[in-house]
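Visitor: Got a structure for you, run.cif, holding mmCIF, C-alpha atoms.
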data_start
#
loop_
_atom_site.label_atom_id
_atom_site.label_comp_id
_atom_site.auth_asym_id
_atom_site.auth_seq_id
_atom_site.Cartn_x
_atom_site.Cartn_y
_atom_site.Cartn_z
CA MET A 1 -60.31 3.57 65.58
CA LYS A 2 -59.21 -0.04 65.56
CA ASN A 3 -60.17 -0.32 61.89
CA ILE A 4 -58.12 2.80 61.05
CA VAL A 5 -55.01 1.30 62.72
CA ILE A 6 -55.45 -1.98 60.84
CA LEU A 7 -55.82 -0.09 57.55
CA PHE A 8 -52.66 1.95 58.26
CA VAL A 9 -50.65 -1.21 59.05
CA PHE A 10 -51.91 -2.84 55.83
CA ILE A 11 -50.90 0.17 53.69
CA LEU A 12 -47.49 0.32 55.36
CA ALA A 13 -46.91 -3.40 54.77
CA PHE A 14 -48.05 -3.14 51.14
CA THR A 15 -45.72 -0.19 50.50
CA SER A 16 -42.80 -2.02 52.11
CA CYS A 17 -43.44 -5.04 49.91
CA LYS A 18 -43.42 -2.84 46.83
CA GLU A 19 -40.11 -1.30 47.92
CA GLU A 20 -38.67 -4.79 48.53
CA ASP A 21 -39.86 -5.86 45.08
CA LYS A 22 -38.07 -2.89 43.48
CA ALA A 23 -34.82 -3.28 45.38
CA PRO A 24 -33.55 -6.39 43.60
CA GLU A 25 -34.31 -4.73 40.25
CA SER A 26 -32.23 -1.67 41.06
CA GLN A 27 -29.38 -3.81 42.43
CA LYS A 28 -29.34 -6.16 39.44
CA ILE A 29 -25.77 -7.05 38.34
CA VAL A 30 -25.14 -6.59 34.60
CA GLU A 31 -22.92 -9.29 33.16
CA PRO A 32 -20.12 -7.82 31.01
CA GLU A 33 -20.15 -8.60 27.31
CA PRO A 34 -17.62 -11.32 26.40
CA GLU A 35 -14.48 -9.99 24.70
CA ILE A 36 -14.32 -11.12 21.09
CA ARG A 37 -10.99 -10.82 19.26
CA PHE A 38 -10.10 -12.35 15.91
CA GLY A 39 -13.54 -13.93 15.97
CA TYR A 40 -12.88 -15.87 19.21
CA LYS A 41 -14.27 -15.55 22.74
CA ILE A 42 -10.98 -14.69 24.43
CA ASP A 43 -12.06 -15.75 27.94
CA ASP A 44 -12.18 -19.35 26.72
CA TYR A 45 -8.42 -19.43 26.09
CA LYS A 46 -5.07 -18.63 27.59
CA VAL A 47 -3.77 -15.81 25.39
CA ILE A 48 -0.03 -15.83 24.62
CA GLN A 49 1.47 -12.93 22.70
CA ASP A 50 5.05 -12.90 21.47
CA THR A 51 7.35 -11.97 18.60
CA ILE A 52 9.15 -14.41 16.30
CA LYS A 53 12.81 -14.55 17.23
CA SER A 54 15.72 -14.97 14.82
CA GLY A 55 16.06 -18.66 13.93
CA GLU A 56 12.54 -19.56 15.07
CA SER A 57 10.17 -21.37 12.74
CA PHE A 58 6.46 -22.16 12.79
CA GLY A 59 7.30 -25.68 13.93
CA ILE A 60 9.59 -24.56 16.76
CA ILE A 61 6.93 -22.18 18.10
CA LEU A 62 4.13 -24.77 18.07
CA ASP A 63 6.37 -27.46 19.53
CA ARG A 64 7.15 -25.12 22.43
CA HIS A 65 3.41 -24.83 23.00
CA HIS A 66 2.83 -28.61 23.16
CA VAL A 67 1.83 -29.38 19.57
CA PHE A 68 3.78 -32.41 18.29
CA TYR A 69 5.51 -32.57 14.92
CA PRO A 70 3.15 -35.04 13.17
CA LYS A 71 0.35 -32.54 13.88
CA ILE A 72 2.57 -29.59 12.88
CA ASN A 73 3.33 -31.27 9.53
CA GLN A 74 -0.38 -31.92 8.99
CA ILE A 75 -1.20 -28.25 9.71
CA ALA A 76 1.51 -27.00 7.32
CA ALA A 77 0.34 -29.27 4.50
CA THR A 78 -3.34 -28.38 4.98
CA VAL A 79 -2.98 -24.57 5.00
CA LYS A 80 -0.13 -24.18 2.45
CA GLU A 81 -2.40 -22.63 -0.21
CA THR A 82 -3.42 -19.85 2.18
CA PHE A 83 -0.42 -19.59 4.47
CA ASP A 84 3.10 -20.80 3.72
CA VAL A 85 4.47 -21.51 7.20
CA ARG A 86 8.05 -21.45 5.83
CA LYS A 87 7.75 -17.70 5.23
CA VAL A 88 7.18 -16.55 8.80
CA ARG A 89 9.68 -13.79 9.49
CA ALA A 90 11.66 -12.80 12.55
CA GLY A 91 10.32 -9.64 14.17
CA LYS A 92 6.68 -10.34 13.30
CA PRO A 93 4.27 -10.50 16.26
CA TYR A 94 1.99 -13.48 16.79
CA THR A 95 -0.76 -14.59 19.18
CA ILE A 96 -1.45 -18.14 20.37
CA LEU A 97 -4.79 -19.15 21.85
CA ALA A 98 -4.07 -22.11 24.13
CA SER A 99 -6.34 -24.33 26.17
CA LYS A 100 -6.99 -23.28 29.74
CA ASP A 101 -6.40 -26.74 31.19
CA SER A 102 -3.11 -27.99 32.62
CA THR A 103 -1.70 -28.86 29.17
CA GLU A 104 -1.96 -25.26 27.88
CA LYS A 105 -1.81 -26.74 24.39
CA ALA A 106 -1.90 -24.29 21.44
CA GLN A 107 -5.16 -24.42 19.52
CA VAL A 108 -5.01 -21.31 17.31
CA PHE A 109 -1.98 -19.52 15.79
CA ILE A 110 -2.44 -15.91 14.64
CA TYR A 111 0.35 -14.45 12.49
CA LYS A 112 0.23 -10.65 12.21
CA HIS A 113 1.47 -9.43 8.82
CA ASP A 114 0.99 -5.79 9.85
CA LYS A 115 -1.24 -3.70 12.12
CA ILE A 116 -4.36 -4.54 10.09
CA ASN A 117 -3.84 -7.90 8.35
CA ALA A 118 -3.31 -11.30 9.91
CA THR A 119 -3.68 -15.00 9.11
CA ILE A 120 -5.50 -17.24 11.59
CA VAL A 121 -4.57 -20.93 11.63
CA ASP A 122 -7.12 -22.91 13.63
CA PHE A 123 -6.28 -26.52 14.56
CA LYS A 124 -8.24 -27.00 17.78
CA ASP A 125 -10.57 -29.53 16.08
CA SER A 126 -9.98 -32.30 13.58
CA VAL A 127 -10.74 -29.83 10.76
CA ILE A 128 -7.77 -27.50 10.22
CA THR A 129 -8.51 -24.10 8.68
CA ALA A 130 -6.64 -20.95 7.65
CA LYS A 131 -8.43 -17.62 7.54
CA VAL A 132 -7.47 -14.18 6.30
CA TYR A 133 -8.28 -11.54 8.91
CA LYS A 134 -8.54 -7.77 8.63
CA LYS A 135 -8.83 -5.70 11.77
CA PRO A 136 -11.58 -3.04 11.87
CA ILE A 137 -10.21 0.28 10.66
CA ARG A 138 -11.49 3.84 10.66
CA LEU A 139 -10.71 6.13 7.74
CA VAL A 140 -10.24 9.81 8.49
CA GLU A 141 -9.96 12.40 5.74
CA LYS A 142 -7.02 14.80 6.07
CA VAL A 143 -5.76 17.77 4.05
CA ALA A 144 -2.11 18.75 3.69
CA SER A 145 -0.69 21.73 1.85
CA GLY A 146 2.78 23.15 1.51
CA VAL A 147 5.33 25.09 -0.51
CA VAL A 148 8.44 23.62 -2.08
CA ASN A 149 11.58 25.36 -0.81
CA SER A 150 14.13 22.65 -1.49
CA ASN A 151 12.42 19.50 -2.78
CA PHE A 152 9.10 17.72 -2.41
CA THR A 153 10.38 15.06 0.00
CA ILE A 154 11.70 17.64 2.46
CA SER A 155 8.45 19.64 2.17
CA MET A 156 6.38 16.54 3.04
CA ASP A 157 8.73 15.67 5.92
CA SER A 158 8.34 19.18 7.33
CA LEU A 159 4.57 18.62 7.50
CA GLY A 160 5.08 15.49 9.61
CA LEU A 161 3.97 13.20 6.77
CA ARG A 162 5.58 9.82 6.33
CA PRO A 163 7.46 8.63 3.22
CA ASN A 164 4.66 6.23 2.21
CA LEU A 165 2.38 9.17 1.43
CA THR A 166 5.16 10.94 -0.47
CA TYR A 167 5.59 7.83 -2.62
CA LYS A 168 1.84 7.58 -3.25
CA VAL A 169 1.73 11.16 -4.53
CA ALA A 170 4.86 10.61 -6.61
CA ASP A 171 3.26 7.55 -8.22
CA ILE A 172 0.14 9.54 -9.12
CA TYR A 173 2.14 12.28 -10.84
CA ALA A 174 4.90 10.03 -12.21
CA TRP A 175 3.76 10.56 -15.82
CA THR A 176 3.08 14.30 -15.70
CA LEU A 177 5.49 15.88 -13.23
CA ASP A 178 9.27 15.64 -12.85
CA PHE A 179 9.79 15.96 -9.09
CA LEU A 180 13.46 16.78 -9.59
CA ARG A 181 12.47 19.86 -11.58
CA LEU A 182 10.07 21.38 -9.09
CA GLN A 183 10.91 25.03 -8.58
CA LYS A 184 11.25 26.94 -5.35
CA GLY A 185 7.82 28.42 -4.62
CA ASP A 186 5.83 25.62 -6.29
CA SER A 187 2.95 24.63 -4.03
CA PHE A 188 0.73 21.62 -3.47
CA LYS A 189 -2.42 20.52 -1.68
CA ILE A 190 -3.38 16.91 -1.02
CA VAL A 191 -6.61 15.36 0.28
CA TYR A 192 -5.88 11.89 1.64
CA GLU A 193 -7.05 9.25 4.12
CA GLU A 194 -5.42 8.05 7.32
CA LYS A 195 -6.19 4.62 8.78
CA PHE A 196 -6.77 4.10 12.49
CA ILE A 197 -7.32 0.95 14.52
CA ASP A 198 -8.59 0.82 18.10
CA ASP A 199 -9.85 4.39 17.49
CA SER A 200 -6.51 6.13 17.98
CA THR A 201 -3.66 3.93 16.69
CA PHE A 202 -2.32 5.13 13.34
CA ALA A 203 -2.14 2.25 10.85
CA GLY A 204 -0.97 3.86 7.62
CA TYR A 205 -2.45 5.82 4.76
CA GLY A 206 -5.49 5.07 2.67
CA ASN A 207 -6.18 6.57 -0.74
CA VAL A 208 -5.15 9.97 -2.01
CA LYS A 209 -8.57 11.31 -3.02
CA SER A 210 -7.44 14.44 -4.85
CA ALA A 211 -4.42 16.68 -5.24
CA VAL A 212 -3.13 19.75 -7.04
CA PHE A 213 0.39 20.96 -7.80
CA ARG A 214 1.01 24.55 -8.85
CA HIS A 215 4.08 24.30 -11.07
CA LYS A 216 5.38 27.04 -13.41
CA GLY A 217 2.14 28.93 -12.89
CA LYS A 218 -0.05 26.01 -13.95
CA ASP A 219 -2.35 23.92 -11.75
CA LEU A 220 -1.91 20.17 -12.22
CA TYR A 221 -4.94 18.38 -10.74
CA ALA A 222 -5.43 14.72 -9.84
CA PHE A 223 -8.81 13.18 -8.93
CA ARG A 224 -9.29 9.52 -8.03
CA PHE A 225 -12.26 8.16 -9.98
CA LEU A 226 -13.76 4.83 -11.05
CA ALA A 227 -14.47 5.32 -14.75
CA ASP A 228 -15.00 1.65 -15.62
CA SER A 229 -17.02 -0.36 -13.11
CA THR A 230 -16.36 -3.56 -15.08
CA LEU A 231 -12.60 -3.36 -14.52
CA ASN A 232 -13.19 -1.94 -11.01
CA ILE A 233 -9.85 -0.08 -11.11
CA HIS A 234 -9.63 3.51 -9.89
CA GLU A 235 -7.47 5.85 -11.94
CA TYR A 236 -6.39 9.47 -11.54
CA TYR A 237 -7.65 12.13 -13.95
CA ASP A 238 -7.03 15.85 -14.31
CA ASP A 239 -9.79 18.48 -14.25
CA GLU A 240 -10.43 17.92 -17.97
CA ALA A 241 -10.95 14.15 -17.60
CA ASN A 242 -7.54 13.26 -19.05
CA MET A 243 -5.95 10.23 -17.42
CA LEU A 244 -2.69 11.08 -15.66
CA ARG A 245 -1.24 7.65 -16.27
CA SER A 246 0.63 7.14 -19.52
CA GLN A 247 1.70 3.88 -21.08
CA PHE A 248 5.30 4.63 -20.04
CA LEU A 249 6.82 6.18 -16.94
CA LYS A 250 9.24 9.03 -17.49
CA ALA A 251 12.05 7.41 -15.51
CA PRO A 252 13.07 3.92 -14.30
CA ILE A 253 13.83 5.31 -10.81
CA LYS A 254 11.28 6.98 -8.52
CA PHE A 255 13.36 9.36 -6.43
CA GLN A 256 16.84 10.70 -5.79
CA TYR A 257 18.32 10.39 -9.24
CA ARG A 258 19.77 12.76 -11.79
CA ILE A 259 20.17 12.43 -15.54
CA SER A 260 23.94 12.21 -15.91
CA SER A 261 24.03 11.59 -19.65
CA ARG A 262 21.37 11.93 -22.33
CA TYR A 263 20.78 10.06 -25.58
CA ASN A 264 23.44 11.51 -27.92
CA LEU A 265 24.61 9.99 -31.19
CA ARG A 266 27.62 12.37 -31.40
CA ARG A 267 28.91 12.13 -27.86
CA ARG A 268 32.70 12.36 -27.45
CA ILE A 269 34.29 10.34 -24.63
CA ALA A 270 37.70 11.26 -23.20
CA TYR A 271 38.28 7.66 -22.12
CA TYR A 272 38.26 6.63 -25.80
CA GLY A 273 40.60 9.43 -26.96
CA ASN A 274 37.79 11.97 -27.32
CA LYS A 275 36.40 9.98 -30.23
CA ILE A 276 32.72 10.06 -31.15
CA ARG A 277 30.99 7.11 -29.53
CA PRO A 278 27.18 7.21 -29.91
CA HIS A 279 25.29 6.95 -26.63
CA ARG A 280 21.91 5.36 -27.37
CA GLY A 281 20.65 5.45 -23.82
CA THR A 282 19.71 7.84 -21.02
CA ASP A 283 21.79 7.51 -17.84
CA PHE A 284 20.05 7.97 -14.49
CA ALA A 285 22.66 8.30 -11.73
CA ALA A 286 21.68 7.00 -8.27
CA LYS A 287 23.16 5.22 -5.28
CA ILE A 288 24.12 1.57 -5.53
CA GLY A 289 21.15 -0.58 -4.53
CA THR A 290 18.48 1.95 -5.58
CA PRO A 291 15.47 0.01 -6.98
CA ILE A 292 15.02 0.11 -10.77
CA ILE A 293 11.40 -0.15 -11.94
CA ALA A 294 9.77 -1.21 -15.21
CA THR A 295 8.56 1.88 -17.05
CA ALA A 296 5.71 -0.12 -18.61
CA SER A 297 4.16 -3.56 -18.31
CA GLY A 298 5.56 -6.37 -20.45
CA THR A 299 7.47 -9.65 -20.64
CA VAL A 300 11.13 -10.02 -19.66
CA VAL A 301 12.97 -11.26 -22.78
CA GLU A 302 16.50 -11.01 -21.31
CA SER A 303 17.90 -11.05 -17.78
CA THR A 304 21.58 -11.75 -18.01
CA ARG A 305 25.12 -10.30 -18.02
CA ARG A 306 26.99 -9.42 -21.17
CA GLY A 307 30.13 -7.42 -21.90
CA GLY A 308 30.01 -3.66 -21.34
CA ASN A 309 26.29 -3.82 -20.52
CA GLY A 310 27.01 -5.65 -17.28
CA LYS A 311 23.97 -7.15 -15.61
CA TYR A 312 20.80 -6.01 -17.39
CA VAL A 313 17.12 -6.66 -18.04
CA LYS A 314 15.26 -6.19 -21.32
CA ILE A 315 11.46 -6.03 -21.49
CA LYS A 316 9.21 -6.38 -24.54
CA HIS A 317 6.07 -4.31 -24.00
CA ASN A 318 4.30 -4.98 -27.31
CA SER A 319 5.11 -5.31 -31.01
CA THR A 320 6.25 -1.67 -31.07
CA TYR A 321 8.17 -0.93 -27.86
CA SER A 322 10.93 -2.57 -25.79
CA THR A 323 13.11 -1.17 -22.98
CA GLN A 324 16.47 -2.19 -21.52
CA TYR A 325 18.09 -1.40 -18.16
CA LEU A 326 21.90 -1.75 -17.92
CA HIS A 327 24.71 -1.92 -15.29
CA MET A 328 22.58 -3.45 -12.51
CA SER A 329 24.14 -4.72 -9.30
CA ASN A 330 21.52 -7.50 -9.39
CA GLN A 331 18.43 -8.39 -11.37
CA ALA A 332 15.13 -9.04 -9.58
CA VAL A 333 13.31 -10.80 -12.45
CA LYS A 334 13.88 -13.77 -14.75
CA LYS A 335 13.48 -14.33 -18.48
CA GLY A 336 9.87 -15.09 -19.41
CA GLN A 337 8.44 -13.32 -16.35
CA TYR A 338 5.59 -10.83 -16.86
CA VAL A 339 6.09 -7.56 -14.99
CA LYS A 340 3.71 -4.69 -14.33
CA GLN A 341 4.51 -1.02 -14.68
CA GLY A 342 6.30 0.11 -11.51
CA ASP A 343 7.51 -3.37 -10.49
CA VAL A 344 11.09 -3.55 -9.21
CA ILE A 345 13.16 -5.40 -11.83
CA GLY A 346 16.67 -4.81 -10.44
CA TYR A 347 18.99 -2.51 -8.53
CA VAL A 348 21.43 0.22 -9.51
CA GLY A 349 25.04 -0.94 -9.77
CA MET A 350 28.33 -0.51 -11.63
CA THR A 351 28.64 -3.73 -13.63
CA GLY A 352 30.05 -3.55 -17.16
CA ASN A 353 31.66 -0.42 -18.57
CA THR A 354 30.70 2.39 -16.23
CA GLY A 355 32.48 5.14 -14.35
CA GLY A 356 29.90 5.43 -11.56
CA PRO A 357 26.65 3.92 -10.23
CA HIS A 358 23.75 4.47 -12.64
CA VAL A 359 21.20 2.72 -14.85
CA CYS A 360 21.48 3.20 -18.59
CA TYR A 361 17.91 3.21 -19.87
CA ARG A 362 17.51 2.20 -23.51
CA PHE A 363 14.33 2.47 -25.51
CA TRP A 364 13.38 0.65 -28.72
CA LYS A 365 10.63 1.60 -31.17
CA TYR A 366 10.06 -0.81 -34.05
CA GLY A 367 13.46 -2.36 -33.33
CA LYS A 368 15.38 0.94 -33.47
CA GLN A 369 16.83 2.68 -30.42
CA VAL A 370 15.32 6.15 -29.90
CA ASP A 371 15.40 8.93 -27.30
CA PRO A 372 12.46 8.32 -24.90
CA LEU A 373 12.62 11.92 -23.64
CA ARG A 374 11.86 13.18 -27.15
CA GLU A 375 9.30 10.56 -28.13
CA LYS A 376 5.61 11.34 -27.98
CA LEU A 377 4.67 8.24 -26.04
CA PRO A 378 1.18 6.71 -26.16
CA ALA A 379 -1.29 7.51 -23.41
CA ALA A 380 -3.45 5.01 -21.57
CA GLU A 381 -7.08 4.40 -22.55
CA PRO A 382 -9.05 7.70 -22.32
CA MET A 383 -12.25 8.13 -20.33
CA LYS A 384 -15.39 7.29 -22.32
CA ASN A 385 -17.51 10.28 -23.34
CA ASN A 386 -20.66 8.93 -21.68
CA VAL A 387 -18.85 8.82 -18.32
CA LYS A 388 -17.48 12.38 -18.41
CA PRO A 389 -20.69 14.17 -17.19
CA SER A 390 -20.64 12.02 -14.01
CA PHE A 391 -16.95 12.73 -13.55
CA PHE A 392 -17.33 16.51 -13.83
CA GLU A 393 -20.21 16.46 -11.35
CA TYR A 394 -18.19 14.28 -8.96
CA ILE A 395 -15.12 16.54 -8.90
CA LYS A 396 -16.99 19.84 -8.36
CA PRO A 397 -16.76 19.77 -4.53
CA LEU A 398 -13.29 18.21 -4.63
CA LYS A 399 -11.95 20.95 -6.89
CA TYR A 400 -13.52 23.62 -4.69
CA GLN A 401 -11.84 21.99 -1.69
CA LEU A 402 -8.48 22.17 -3.43
CA ASP A 403 -8.91 25.70 -4.78
CA TYR A 404 -10.44 27.48 -1.82
CA GLU A 405 -11.10 25.85 1.51
CA ARG A 406 -12.02 22.65 3.17
CA VAL A 407 -15.61 21.58 2.66
CA GLU A 408 -17.81 19.49 4.91
CA VAL A 409 -16.90 15.81 4.66
CA PRO A 410 -18.92 12.73 5.67
CA GLU A 411 -18.37 11.03 8.99
CA PRO A 412 -15.23 8.88 8.99
CA GLN A 413 -15.84 5.52 7.40
CA GLU A 414 -15.54 2.45 9.59
CA VAL A 415 -14.40 -0.74 7.90
CA LYS A 416 -15.72 -3.67 9.89
CA GLU A 417 -13.74 -6.71 10.95
CA ILE A 418 -13.38 -9.10 8.03
CA ILE A 419 -12.64 -12.79 8.39
CA ALA A 420 -12.46 -14.65 5.09
CA GLN A 421 -11.94 -18.39 5.16
CA ASN A 422 -10.05 -19.85 2.22
#
Any chance you could give the structure as structure tokens?
Guide:
Amino acid sequence: MKNIVILFVFILAFTSCKEEDKAPESQKIVEPEPEIRFGYKIDDYKVIQDTIKSGESFGIILDRHHVFYPKINQIAATVKETFDVRKVRAGKPYTILASKDSTEKAQVFIYKHDKINATIVDFKDSVITAKVYKKPIRLVEKVASGVVNSNFTISMDSLGLRPNLTYKVADIYAWTLDFLRLQKGDSFKIVYEEKFIDDSTFAGYGNVKSAVFRHKGKDLYAFRFLADSTLNIHEYYDDEANMLRSQFLKAPIKFQYRISSRYNLRRRIAYYGNKIRPHRGTDFAAKIGTPIIATASGTVVESTRRGGNGKYVKIKHNSTYSTQYLHMSNQAVKKGQYVKQGDVIGYVGMTGNTGGPHVCYRFWKYGKQVDPLREKLPAAEPMKNNVKPSFFEYIKPLKYQLDYERVEVPEPQEVKEIIAQN
């Protein structure tokens, strides 16, 4: 009996020890992961977030956070190739990582260009660096469709879509579709990407992947495709592999214009006693200050003011074609500057001989002024034949998505945080 009691006590003690051994394991405290932002362990710093005020400069901000001007000048000189500190703008947010000691001296300056992009200037050590930073983003595919009742801009607004997407679509169709001539009842469908940061914060639009406009009973398709991996430039093609982009845009203004006067060699003008005065340009009426864009890439050969032309810009595109843009309020380019198709070269005005705000668009072919609206203008480089089979296979599901219904799409893409040191 005595032995049985001893055995029972031993088992009880052994079991209790096992329970005691397990207890600490179950009550173990898990240390939280350190918070990493912009590539830094945030707990190591005092974080100061603010917005640049009117009249503030990079130097004023750092001086307020206990960095002296000899050091500020050294920082500015070191990072100038990556970040020009003179170009910080009022209204832009910034973050300072300061030391946690009593000095609270700034060690890192983070300038936020937008919701995604920032520049990080690190001067906590003797080596000063500037880094380009991109916040992690998530791309979500969306589909929008609508019917034109008044104009395309109003139709997009009614769908809750922002102007940036409207402009993207307009750029895609700039060579093939006159948005001012859309008819009531024309319809469209667009497959596009939205960017999100911190899972739910909208950060703008990504690419338009595909689109279709039904205009005058005809379907006008656009598919984004990389046809030349060497150039690594995506272009938009229709369903027959024809590039939508032409060598010349149809108009020097994107939106909200009207053609007030066409090219006409026998035009009579009341102001000149109803005499015939040839008009060798096409007038696009728009509000003063409306941006004027280059209809094709080329070199600015004139940017000046002269007589009835007022302020104007002339661009030589190649040995065959040149264009001229008259009556500007101001030019945005200088002689000798190379401009790309779509670049802003000036703004609508009323300088020179003009009865209202407009841009007179003149077009030269082999040194002779011609009517651009009647010219058969050259197209861009076509897709190579050996690439077409891949293209047609690629657009099959995209075309089905546009024609019928939404198809299954991959999980949203996540673009990881990128920090590139220059």
Visitor: Write out as a PyMOL selection string which residues come within 12 Å of range 328-332 of chain A when counting all atoms listed in the file, dropping same-chain ones fewer than 5 positions away.
Guide: chain A and resi 284-294+300+302-306+308-314+337+339+343-354+356-361
Visitor: Could you check which of A:Asn242, A:Asn117, A:Thr153, A:Gln247 is closest to Phe392 in chain A, using only C-alpha atoms?
Guide: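 Nearest to Phe392 in chain A: A:Asn242.
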Visitor: Check which residues of range 118-206 of chain A sit at most 12 Å from range 215-229 of chain A using all atoms listed in the file, and return one row each with the closest pair of atoms and their distance in Å to one decimal, ordered by chain and rising number, as CSV.
Guide:
residue,atom,partner,partner_atom,distance
A:Val147,CA,A:His215,CA,10.7
A:Val148,CA,A:His215,CA,10.0
A:Phe152,CA,A:His215,CA,12.0
A:Val169,CA,A:Ala222,CA,9.6
A:Ala170,CA,A:Ala222,CA,11.5
A:Asp171,CA,A:Ala222,CA,11.4
A:Ile172,CA,A:Ala222,CA,7.6
A:Tyr173,CA,A:Ala222,CA,8.0
A:Ala174,CA,A:Ala222,CA,11.6
A:Trp175,CA,A:Leu220,CA,11.7
A:Thr176,CA,A:Leu220,CA,8.5
A:Leu177,CA,A:Leu220,CA,8.6
A:Asp178,CA,A:His215,CA,10.3
A:Phe179,CA,A:His215,CA,10.3
A:Arg181,CA,A:His215,CA,9.5
A:Leu182,CA,A:His215,CA,7.0
A:Gln183,CA,A:His215,CA,7.3
A:Lys184,CA,A:His215,CA,9.5
A:Gly185,CA,A:His215,CA,8.5
A:Asp186,CA,A:His215,CA,5.3
A:Ser187,CA,A:His215,CA,7.1
A:Phe188,CA,A:His215,CA,8.7
A:Lys189,CA,A:Tyr221,CA,9.6
A:Ile190,CA,A:Ala222,CA,9.3
A:Val191,CA,A:Phe223,CA,9.7
A:Tyr192,CA,A:Arg224,CA,10.5
Visitor: Tell me, in Å to one decimal, how far CA of Asp125 in chain A is from CA of Asp43 in chain A.
Guide: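 Computing the Euclidean distance for CA of Asp125 in chain A and CA of Asp43 in chain A yields 18.2 Å.
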Visitor: What is the distance, in Å and to one decimal place, between CA of Lys53 in chain A and CA of Ala90 in chain A?
Guide: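 Here the two named atoms are 5.1 Å from each other.
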Visitor: A:Gly206, A:Pro93, A:Pro136, A:Pro389: which is nearest Leu165 in chain A, counting only C-alpha atoms?
Guide: A:Gly206
Visitor: Do you know which residues are at most 9 Å from Met156 in chain A counting only C-alpha atoms, after dropping those on the same chain fewer than 6 positions away, and could you put them as JSON, numbers by chain?
Guide: {"A": [144, 145, 146, 148, 162, 163, 165, 166]}
Visitor: Contacts of Phe38 in chain A at 9 Å or less, counting only C-alpha atoms, minus same-chain residues fewer than 2 places along, as number ranges by chain?
Guide: A: 36, 40-42, 110, 120, 133-135, 417, 419
Visitor: May I have the residues within 9 Å of Phe248 in chain A as a list in words, using only C-alpha atoms and disregarding those fewer than 6 positions away in the same chain?
Guide: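 Contacts, in chain order: Trp175, Ala294, Thr295, Ala296, Ser297, Gln341, Leu377, Pro378, Ala379 and Ala380 of chain A.
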Visitor: If you keep C-alpha atoms, can you produce a file of those selected residues as a PDB file, in the frame of the given file?
Guide:
ATOM      1  CA  TRP A 175       3.760  10.560 -15.820  1.00  0.00           C
ATOM      2  CA  ALA A 294       9.770  -1.210 -15.210  1.00  0.00           C
ATOM      3  CA  THR A 295       8.560   1.880 -17.050  1.00  0.00           C
ATOM      4  CA  ALA A 296       5.710  -0.120 -18.610  1.00  0.00           C
ATOM      5  CA  SER A 297       4.160  -3.560 -18.310  1.00  0.00           C
ATOM      6  CA  GLN A 341       4.510  -1.020 -14.680  1.00  0.00           C
ATOM      7  CA  LEU A 377       4.670   8.240 -26.040  1.00  0.00           C
ATOM      8  CA  PRO A 378       1.180   6.710 -26.160  1.00  0.00           C
ATOM      9  CA  ALA A 379      -1.290   7.510 -23.410  1.00  0.00           C
ATOM     10  CA  ALA A 380      -3.450   5.010 -21.570  1.00  0.00           C
TER      11      ALA A 380
END
Visitor: Kindly give the distance, in Å, that separates CA of Ser322 in chain A and CA of Trp364 in chain A, rounded to a single decimal.
Guide: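 The value is 5.0 Å.
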Visitor: Quick one: range 369-379 of chain A with N, CA and C atoms, as a PDB file, in the first residue's frame?
Guide:
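Result written to out-v6.pdb:
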ATOM      1  N   GLN A 369       2.491  74.491 -99.155  1.00  0.00           N
ATOM      2  CA  GLN A 369       1.426  74.345 -98.175  1.00  0.00           C
ATOM      3  C   GLN A 369       0.262  73.567 -98.778  1.00  0.00           C
ATOM      4  N   VAL A 370      -0.204  72.547 -98.036  1.00  0.00           N
ATOM      5  CA  VAL A 370      -1.296  71.687 -98.502  1.00  0.00           C
ATOM      6  C   VAL A 370      -2.333  71.542 -97.389  1.00  0.00           C
ATOM      7  N   ASP A 371      -3.467  70.959 -97.733  1.00  0.00           N
ATOM      8  CA  ASP A 371      -4.548  70.725 -96.769  1.00  0.00           C
ATOM      9  C   ASP A 371      -4.310  69.391 -96.055  1.00  0.00           C
ATOM     10  N   PRO A 372      -3.967  69.411 -94.761  1.00  0.00           N
ATOM     11  CA  PRO A 372      -3.668  68.144 -94.060  1.00  0.00           C
ATOM     12  C   PRO A 372      -4.882  67.232 -93.957  1.00  0.00           C
ATOM     13  N   LEU A 373      -6.097  67.816 -93.982  1.00  0.00           N
ATOM     14  CA  LEU A 373      -7.300  66.991 -93.849  1.00  0.00           C
ATOM     15  C   LEU A 373      -7.613  66.225 -95.126  1.00  0.00           C
ATOM     16  N   ARG A 374      -6.956  66.605 -96.236  1.00  0.00           N
ATOM     17  CA  ARG A 374      -7.166  65.896 -97.500  1.00  0.00           C
ATOM     18  C   ARG A 374      -5.968  65.041 -97.900  1.00  0.00           C
ATOM     19  N   GLU A 375      -4.864  65.225 -97.191  1.00  0.00           N
ATOM     20  CA  GLU A 375      -3.662  64.460 -97.504  1.00  0.00           C
ATOM     21  C   GLU A 375      -3.763  63.030 -96.978  1.00  0.00           C
ATOM     22  N   LYS A 376      -3.251  62.101 -97.748  1.00  0.00           N
ATOM     23  CA  LYS A 376      -3.120  60.728 -97.267  1.00  0.00           C
ATOM     24  C   LYS A 376      -1.772  60.645 -96.563  1.00  0.00           C
ATOM     25  N   LEU A 377      -1.806  60.787 -95.257  1.00  0.00           N
ATOM     26  CA  LEU A 377      -0.574  60.911 -94.489  1.00  0.00           C
ATOM     27  C   LEU A 377       0.045  59.541 -94.210  1.00  0.00           C
ATOM     28  N   PRO A 378       1.362  59.481 -94.100  1.00  0.00           N
ATOM     29  CA  PRO A 378       2.037  58.203 -93.892  1.00  0.00           C
ATOM     30  C   PRO A 378       1.721  57.595 -92.533  1.00  0.00           C
ATOM     31  N   ALA A 379       1.630  56.285 -92.515  1.00  0.00           N
ATOM     32  CA  ALA A 379       1.392  55.551 -91.265  1.00  0.00           C
ATOM     33  C   ALA A 379       2.717  55.247 -90.594  1.00  0.00           C
TER      34      ALA A 379
END
